[in-house]
Amino acid sequence: MAADVKSAVEQGKVASTDSGAPASQAIKPRSLHGIVRVALLYQRRAPLDEQLLHLIEKELLSHGCHPFIDRHETTGMQWAHELERQIRTADVVVPLLSAKSVESEMFAFEVEIAHEAAQKQGDRPQILPLRVNYEGGLPESLSGFLDALPQLRWQAPCDNDQILAELLNALRALPAASTSPSHAPT
């Protein structure tokens, strides 16, 4: 499955925008396989992370996906269990890697949850890291999980259309979601 996503990203299966339409609209209208649950992991109060998060969320919703974003300001056992459940039952987890997020222990823990779930559930969720104006090396808490994976890169708002197109194409490259209880829509 990782090879499918890597292939879609590396082959540049992004439609031309010669028509003047944004790349995200120029993609061939191939539908996503059923409901795609996408967990977006990010660092709060990081302006670029939040700006890109909002853009991706809006695009995913417009394509019938179910994005999960942890926006709760409170913590506790109930919150922790729900966060873990959402990550484990996602089809795809997109960690937004920025200078701020890669230093967060909580962010690293969320990525670890996704990695462990993928190991136990046959590569579900698929992890698709997105670097947000960040080219540095990853700390040890993340590098073991993410270094070998294909990574999308966003440097500035001029990359918005390209990154949305690459993300949607990567989602389209996924095999159909399992209908097992761990992946059933809630």
# chains A, B, ... in the order shown; residues from 1 in each chain; ligands from 1
>>> select_by_dssp(residues="segment 3-169 of chain A", states="helix (DSSP H, G or I)", output="number ranges by chain")
A: 3-10, 23-26, 47-62, 77-88, 101-103, 105-120, 140-146, 157-169
>>> select_by_dssp(residues="segment 44-170 of chain A", states="strand (DSSP E)", output="PDB file with all heavy atoms, in the first residue's frame")
ATOM      1  N   HIS A  66     -13.840  12.175   5.521  1.00  0.00           N
ATOM      2  CA  HIS A  66     -14.160  12.481   6.911  1.00  0.00           C
ATOM      3  C   HIS A  66     -12.859  12.797   7.641  1.00  0.00           C
ATOM      4  O   HIS A  66     -12.222  11.901   8.190  1.00  0.00           O
ATOM      5  CB  HIS A  66     -14.868  11.299   7.571  1.00  0.00           C
ATOM      6  CG  HIS A  66     -16.248  11.085   7.065  1.00  0.00           C
ATOM      7  ND1 HIS A  66     -17.359  11.458   7.767  1.00  0.00           N
ATOM      8  CD2 HIS A  66     -16.693  10.574   5.908  1.00  0.00           C
ATOM      9  CE1 HIS A  66     -18.441  11.163   7.070  1.00  0.00           C
ATOM     10  NE2 HIS A  66     -18.055  10.624   5.922  1.00  0.00           N
ATOM     11  N   PRO A  67     -12.469  14.078   7.654  1.00  0.00           N
ATOM     12  CA  PRO A  67     -11.233  14.420   8.359  1.00  0.00           C
ATOM     13  C   PRO A  67     -11.453  14.477   9.866  1.00  0.00           C
ATOM     14  O   PRO A  67     -12.504  14.901  10.337  1.00  0.00           O
ATOM     15  CB  PRO A  67     -10.873  15.797   7.811  1.00  0.00           C
ATOM     16  CG  PRO A  67     -12.162  16.376   7.351  1.00  0.00           C
ATOM     17  CD  PRO A  67     -13.031  15.219   6.946  1.00  0.00           C
ATOM     18  N   PHE A  68     -10.465  14.013  10.606  1.00  0.00           N
ATOM     19  CA  PHE A  68     -10.462  14.152  12.055  1.00  0.00           C
ATOM     20  C   PHE A  68      -9.334  15.088  12.422  1.00  0.00           C
ATOM     21  O   PHE A  68      -8.184  14.893  11.998  1.00  0.00           O
ATOM     22  CB  PHE A  68     -10.251  12.810  12.759  1.00  0.00           C
ATOM     23  CG  PHE A  68      -9.954  12.982  14.224  1.00  0.00           C
ATOM     24  CD1 PHE A  68     -10.972  13.301  15.111  1.00  0.00           C
ATOM     25  CD2 PHE A  68      -8.660  12.870  14.698  1.00  0.00           C
ATOM     26  CE1 PHE A  68     -10.696  13.494  16.464  1.00  0.00           C
ATOM     27  CE2 PHE A  68      -8.371  13.061  16.040  1.00  0.00           C
ATOM     28  CZ  PHE A  68      -9.398  13.373  16.923  1.00  0.00           C
ATOM     29  N   ILE A  69      -9.652  16.102  13.206  1.00  0.00           N
ATOM     30  CA  ILE A  69      -8.672  17.052  13.701  1.00  0.00           C
ATOM     31  C   ILE A  69      -8.940  17.221  15.186  1.00  0.00           C
ATOM     32  O   ILE A  69     -10.063  17.548  15.587  1.00  0.00           O
ATOM     33  CB  ILE A  69      -8.797  18.418  12.987  1.00  0.00           C
ATOM     34  CG1 ILE A  69      -8.569  18.239  11.489  1.00  0.00           C
ATOM     35  CG2 ILE A  69      -7.823  19.425  13.578  1.00  0.00           C
ATOM     36  CD1 ILE A  69      -8.969  19.442  10.658  1.00  0.00           C
ATOM     37  N   VAL A  92      -6.085   6.982   6.560  1.00  0.00           N
ATOM     38  CA  VAL A  92      -4.842   7.711   6.316  1.00  0.00           C
ATOM     39  C   VAL A  92      -4.604   8.660   7.478  1.00  0.00           C
ATOM     40  O   VAL A  92      -5.545   9.290   7.971  1.00  0.00           O
ATOM     41  CB  VAL A  92      -4.920   8.532   5.004  1.00  0.00           C
ATOM     42  CG1 VAL A  92      -3.653   9.335   4.767  1.00  0.00           C
ATOM     43  CG2 VAL A  92      -5.195   7.627   3.815  1.00  0.00           C
ATOM     44  N   VAL A  93      -3.341   8.770   7.884  1.00  0.00           N
ATOM     45  CA  VAL A  93      -2.939   9.758   8.882  1.00  0.00           C
ATOM     46  C   VAL A  93      -1.935  10.678   8.201  1.00  0.00           C
ATOM     47  O   VAL A  93      -0.959  10.217   7.607  1.00  0.00           O
ATOM     48  CB  VAL A  93      -2.309   9.098  10.124  1.00  0.00           C
ATOM     49  CG1 VAL A  93      -1.725  10.146  11.060  1.00  0.00           C
ATOM     50  CG2 VAL A  93      -3.350   8.252  10.860  1.00  0.00           C
ATOM     51  N   VAL A  94      -2.213  11.975   8.254  1.00  0.00           N
ATOM     52  CA  VAL A  94      -1.335  12.971   7.650  1.00  0.00           C
ATOM     53  C   VAL A  94      -0.737  13.824   8.773  1.00  0.00           C
ATOM     54  O   VAL A  94      -1.380  14.738   9.275  1.00  0.00           O
ATOM     55  CB  VAL A  94      -2.087  13.876   6.651  1.00  0.00           C
ATOM     56  CG1 VAL A  94      -1.137  14.904   6.042  1.00  0.00           C
ATOM     57  CG2 VAL A  94      -2.748  13.043   5.563  1.00  0.00           C
ATOM     58  N   PRO A  95       0.494  13.497   9.193  1.00  0.00           N
ATOM     59  CA  PRO A  95       1.141  14.354  10.182  1.00  0.00           C
ATOM     60  C   PRO A  95       1.770  15.564   9.492  1.00  0.00           C
ATOM     61  O   PRO A  95       2.520  15.411   8.514  1.00  0.00           O
ATOM     62  CB  PRO A  95       2.200  13.453  10.808  1.00  0.00           C
ATOM     63  CG  PRO A  95       2.402  12.326   9.861  1.00  0.00           C
ATOM     64  CD  PRO A  95       1.230  12.286   8.924  1.00  0.00           C
ATOM     65  N   LEU A  96       1.443  16.766   9.951  1.00  0.00           N
ATOM     66  CA  LEU A  96       2.024  17.986   9.401  1.00  0.00           C
ATOM     67  C   LEU A  96       3.335  18.253  10.149  1.00  0.00           C
ATOM     68  O   LEU A  96       3.332  18.621  11.325  1.00  0.00           O
ATOM     69  CB  LEU A  96       1.068  19.166   9.563  1.00  0.00           C
ATOM     70  CG  LEU A  96      -0.304  19.014   8.916  1.00  0.00           C
ATOM     71  CD1 LEU A  96      -1.115  20.297   9.079  1.00  0.00           C
ATOM     72  CD2 LEU A  96      -0.198  18.642   7.460  1.00  0.00           C
ATOM     73  N   LEU A  97       4.442  18.041   9.462  1.00  0.00           N
ATOM     74  CA  LEU A  97       5.769  18.170  10.059  1.00  0.00           C
ATOM     75  C   LEU A  97       6.289  19.586   9.899  1.00  0.00           C
ATOM     76  O   LEU A  97       6.557  20.036   8.793  1.00  0.00           O
ATOM     77  CB  LEU A  97       6.742  17.196   9.396  1.00  0.00           C
ATOM     78  CG  LEU A  97       6.343  15.719   9.416  1.00  0.00           C
ATOM     79  CD1 LEU A  97       7.283  14.909   8.534  1.00  0.00           C
ATOM     80  CD2 LEU A  97       6.326  15.196  10.835  1.00  0.00           C
ATOM     81  N   GLN A 126      -2.619   4.286   6.586  1.00  0.00           N
ATOM     82  CA  GLN A 126      -1.472   4.677   5.774  1.00  0.00           C
ATOM     83  C   GLN A 126      -0.981   6.003   6.341  1.00  0.00           C
ATOM     84  O   GLN A 126      -1.776   6.883   6.643  1.00  0.00           O
ATOM     85  CB  GLN A 126      -1.924   4.863   4.328  1.00  0.00           C
ATOM     86  CG  GLN A 126      -0.844   5.335   3.407  1.00  0.00           C
ATOM     87  CD  GLN A 126       0.154   4.240   3.119  1.00  0.00           C
ATOM     88  OE1 GLN A 126      -0.230   3.140   2.776  1.00  0.00           O
ATOM     89  NE2 GLN A 126       1.423   4.533   3.253  1.00  0.00           N
ATOM     90  N   ILE A 127       0.316   6.143   6.516  1.00  0.00           N
ATOM     91  CA  ILE A 127       0.867   7.400   7.039  1.00  0.00           C
ATOM     92  C   ILE A 127       1.481   8.164   5.874  1.00  0.00           C
ATOM     93  O   ILE A 127       2.326   7.641   5.150  1.00  0.00           O
ATOM     94  CB  ILE A 127       1.909   7.143   8.141  1.00  0.00           C
ATOM     95  CG1 ILE A 127       1.272   6.324   9.279  1.00  0.00           C
ATOM     96  CG2 ILE A 127       2.470   8.462   8.667  1.00  0.00           C
ATOM     97  CD1 ILE A 127       2.261   5.847  10.330  1.00  0.00           C
ATOM     98  N   LEU A 130       3.537  15.211   5.739  1.00  0.00           N
ATOM     99  CA  LEU A 130       3.542  16.441   4.957  1.00  0.00           C
ATOM    100  C   LEU A 130       4.442  17.451   5.669  1.00  0.00           C
ATOM    101  O   LEU A 130       4.139  17.894   6.772  1.00  0.00           O
ATOM    102  CB  LEU A 130       2.118  16.985   4.820  1.00  0.00           C
ATOM    103  CG  LEU A 130       1.929  18.364   4.206  1.00  0.00           C
ATOM    104  CD1 LEU A 130       2.588  18.474   2.836  1.00  0.00           C
ATOM    105  CD2 LEU A 130       0.451  18.688   4.102  1.00  0.00           C
ATOM    106  N   ARG A 131       5.550  17.776   5.028  1.00  0.00           N
ATOM    107  CA  ARG A 131       6.482  18.756   5.604  1.00  0.00           C
ATOM    108  C   ARG A 131       5.964  20.172   5.323  1.00  0.00           C
ATOM    109  O   ARG A 131       5.714  20.520   4.179  1.00  0.00           O
ATOM    110  CB  ARG A 131       7.883  18.578   5.021  1.00  0.00           C
ATOM    111  CG  ARG A 131       8.553  17.313   5.548  1.00  0.00           C
ATOM    112  CD  ARG A 131       9.953  17.151   4.969  1.00  0.00           C
ATOM    113  NE  ARG A 131      10.645  16.069   5.611  1.00  0.00           N
ATOM    114  CZ  ARG A 131      11.563  16.220   6.566  1.00  0.00           C
ATOM    115  NH1 ARG A 131      11.896  17.432   6.973  1.00  0.00           N
ATOM    116  NH2 ARG A 131      12.146  15.166   7.099  1.00  0.00           N
ATOM    117  N   VAL A 132       5.839  20.943   6.394  1.00  0.00           N
ATOM    118  CA  VAL A 132       5.311  22.303   6.307  1.00  0.00           C
ATOM    119  C   VAL A 132       6.468  23.283   6.480  1.00  0.00           C
ATOM    120  O   VAL A 132       6.871  23.597   7.603  1.00  0.00           O
ATOM    121  CB  VAL A 132       4.224  22.549   7.381  1.00  0.00           C
ATOM    122  CG1 VAL A 132       3.654  23.954   7.255  1.00  0.00           C
ATOM    123  CG2 VAL A 132       3.121  21.501   7.275  1.00  0.00           C
ATOM    124  N   LEU A 152       5.256  14.472   1.400  1.00  0.00           N
ATOM    125  CA  LEU A 152       4.842  15.634   0.621  1.00  0.00           C
ATOM    126  C   LEU A 152       5.540  16.861   1.201  1.00  0.00           C
ATOM    127  O   LEU A 152       5.905  16.873   2.379  1.00  0.00           O
ATOM    128  CB  LEU A 152       3.325  15.800   0.697  1.00  0.00           C
ATOM    129  CG  LEU A 152       2.488  14.616   0.209  1.00  0.00           C
ATOM    130  CD1 LEU A 152       1.008  14.857   0.491  1.00  0.00           C
ATOM    131  CD2 LEU A 152       2.721  14.376  -1.259  1.00  0.00           C
ATOM    132  N   ARG A 153       5.707  17.898   0.376  1.00  0.00           N
ATOM    133  CA  ARG A 153       6.390  19.107   0.839  1.00  0.00           C
ATOM    134  C   ARG A 153       5.602  20.353   0.452  1.00  0.00           C
ATOM    135  O   ARG A 153       5.223  20.511  -0.693  1.00  0.00           O
ATOM    136  CB  ARG A 153       7.795  19.180   0.256  1.00  0.00           C
ATOM    137  CG  ARG A 153       8.744  18.220   0.938  1.00  0.00           C
ATOM    138  CD  ARG A 153      10.111  18.187   0.286  1.00  0.00           C
ATOM    139  NE  ARG A 153      11.118  17.521   1.086  1.00  0.00           N
ATOM    140  CZ  ARG A 153      11.096  16.261   1.472  1.00  0.00           C
ATOM    141  NH1 ARG A 153      10.078  15.515   1.155  1.00  0.00           N
ATOM    142  NH2 ARG A 153      12.069  15.735   2.184  1.00  0.00           N
ATOM    143  N   TRP A 154       5.414  21.205   1.444  1.00  0.00           N
ATOM    144  CA  TRP A 154       4.744  22.494   1.258  1.00  0.00           C
ATOM    145  C   TRP A 154       5.685  23.550   1.801  1.00  0.00           C
ATOM    146  O   TRP A 154       6.118  23.484   2.944  1.00  0.00           O
ATOM    147  CB  TRP A 154       3.423  22.512   2.028  1.00  0.00           C
ATOM    148  CG  TRP A 154       2.638  23.778   1.903  1.00  0.00           C
ATOM    149  CD1 TRP A 154       1.646  24.026   1.003  1.00  0.00           C
ATOM    150  CD2 TRP A 154       2.740  24.949   2.704  1.00  0.00           C
ATOM    151  NE1 TRP A 154       1.137  25.288   1.199  1.00  0.00           N
ATOM    152  CE2 TRP A 154       1.793  25.883   2.235  1.00  0.00           C
ATOM    153  CE3 TRP A 154       3.559  25.319   3.765  1.00  0.00           C
ATOM    154  CZ2 TRP A 154       1.635  27.147   2.791  1.00  0.00           C
ATOM    155  CZ3 TRP A 154       3.408  26.588   4.329  1.00  0.00           C
ATOM    156  CH2 TRP A 154       2.445  27.483   3.839  1.00  0.00           C
TER     157      TRP A 154
END
>>> closest_residue(among="A:Ile113, A:Pro175, A:Val38, A:Leu164", to="His81 of chain A", atoms="only C-alpha atoms")
A:Ile113
>>> residues_around(residues="Gly136 of chain A", least_positions_apart="2", cutoff="10 Å", atoms="only C-alpha atoms", output="list in words")
Leu97, Ser98, Ala99, Val102, Arg131, Asn133, Tyr134, Leu138 and Pro139 of chain A
>>> atom_distance(atom1="atom CA of Val36 of chain A", atom2="atom CA of His63 of chain A")
9.4 Å
>>> residues_around(residues="Leu53 of chain A", least_positions_apart="5", cutoff="9 Å", atoms="only C-alpha atoms", output="list in words")
Leu40, Leu41, Tyr42, Leu48, Lys58, Ile69 and Leu96 of chain A
>>> write_last_selection(atoms="all heavy atoms", output="CSV table (one decimal), in the first residue's frame")
chain,number,residue,atom,x,y,z
A,40,LEU,N,-5.7,14.2,10.6
A,40,LEU,CA,-4.7,15.3,10.4
A,40,LEU,C,-4.1,15.6,11.7
A,40,LEU,O,-4.8,16.0,12.7
A,40,LEU,CB,-5.4,16.5,9.8
A,40,LEU,CG,-6.1,16.3,8.4
A,40,LEU,CD1,-6.9,17.5,8.0
A,40,LEU,CD2,-5.0,16.0,7.4
A,41,LEU,N,-2.8,15.4,11.8
A,41,LEU,CA,-2.0,15.6,13.1
A,41,LEU,C,-1.3,16.9,12.9
A,41,LEU,O,-0.6,17.1,11.9
A,41,LEU,CB,-1.1,14.5,13.4
A,41,LEU,CG,-1.7,13.1,13.4
A,41,LEU,CD1,-0.7,12.0,13.8
A,41,LEU,CD2,-2.9,13.0,14.3
A,42,TYR,N,-1.3,17.8,13.8
A,42,TYR,CA,-0.7,19.1,13.7
A,42,TYR,C,-0.3,19.7,15.1
A,42,TYR,O,-0.7,19.1,16.1
A,42,TYR,CB,-1.6,20.1,13.0
A,42,TYR,CG,-2.7,20.6,13.8
A,42,TYR,CD1,-2.8,21.9,14.3
A,42,TYR,CD2,-3.8,19.8,14.2
A,42,TYR,CE1,-3.8,22.4,15.1
A,42,TYR,CE2,-4.8,20.2,15.0
A,42,TYR,CZ,-4.8,21.5,15.4
A,42,TYR,OH,-5.9,22.0,16.2
A,48,LEU,N,1.4,28.5,10.3
A,48,LEU,CA,1.4,27.8,9.0
A,48,LEU,C,0.8,26.5,9.1
A,48,LEU,O,0.0,26.1,8.2
A,48,LEU,CB,2.9,27.6,8.6
A,48,LEU,CG,3.6,28.9,8.0
A,48,LEU,CD1,5.0,28.6,7.6
A,48,LEU,CD2,2.8,29.5,6.9
A,58,LYS,N,-10.9,21.6,4.4
A,58,LYS,CA,-11.9,22.1,3.5
A,58,LYS,C,-11.9,21.2,2.2
A,58,LYS,O,-13.0,20.8,1.7
A,58,LYS,CB,-11.6,23.6,3.1
A,58,LYS,CG,-12.7,24.2,2.2
A,58,LYS,CD,-12.3,25.7,2.0
A,58,LYS,CE,-13.2,26.3,1.0
A,58,LYS,NZ,-12.9,27.7,0.7
A,69,ILE,N,-9.7,16.1,13.2
A,69,ILE,CA,-8.7,17.1,13.7
A,69,ILE,C,-8.9,17.2,15.2
A,69,ILE,O,-10.1,17.5,15.6
A,69,ILE,CB,-8.8,18.4,13.0
A,69,ILE,CG1,-8.6,18.2,11.5
A,69,ILE,CG2,-7.8,19.4,13.6
A,69,ILE,CD1,-9.0,19.4,10.7
A,96,LEU,N,1.4,16.8,10.0
A,96,LEU,CA,2.0,18.0,9.4
A,96,LEU,C,3.3,18.3,10.1
A,96,LEU,O,3.3,18.6,11.3
A,96,LEU,CB,1.1,19.2,9.6
A,96,LEU,CG,-0.3,19.0,8.9
A,96,LEU,CD1,-1.1,20.3,9.1
A,96,LEU,CD2,-0.2,18.6,7.5
>>> closest_residue(among="A:Asp161, A:Gly144, A:Thr89, A:Gly137", to="Asp123 of chain A", atoms="only C-alpha atoms")
A:Thr89
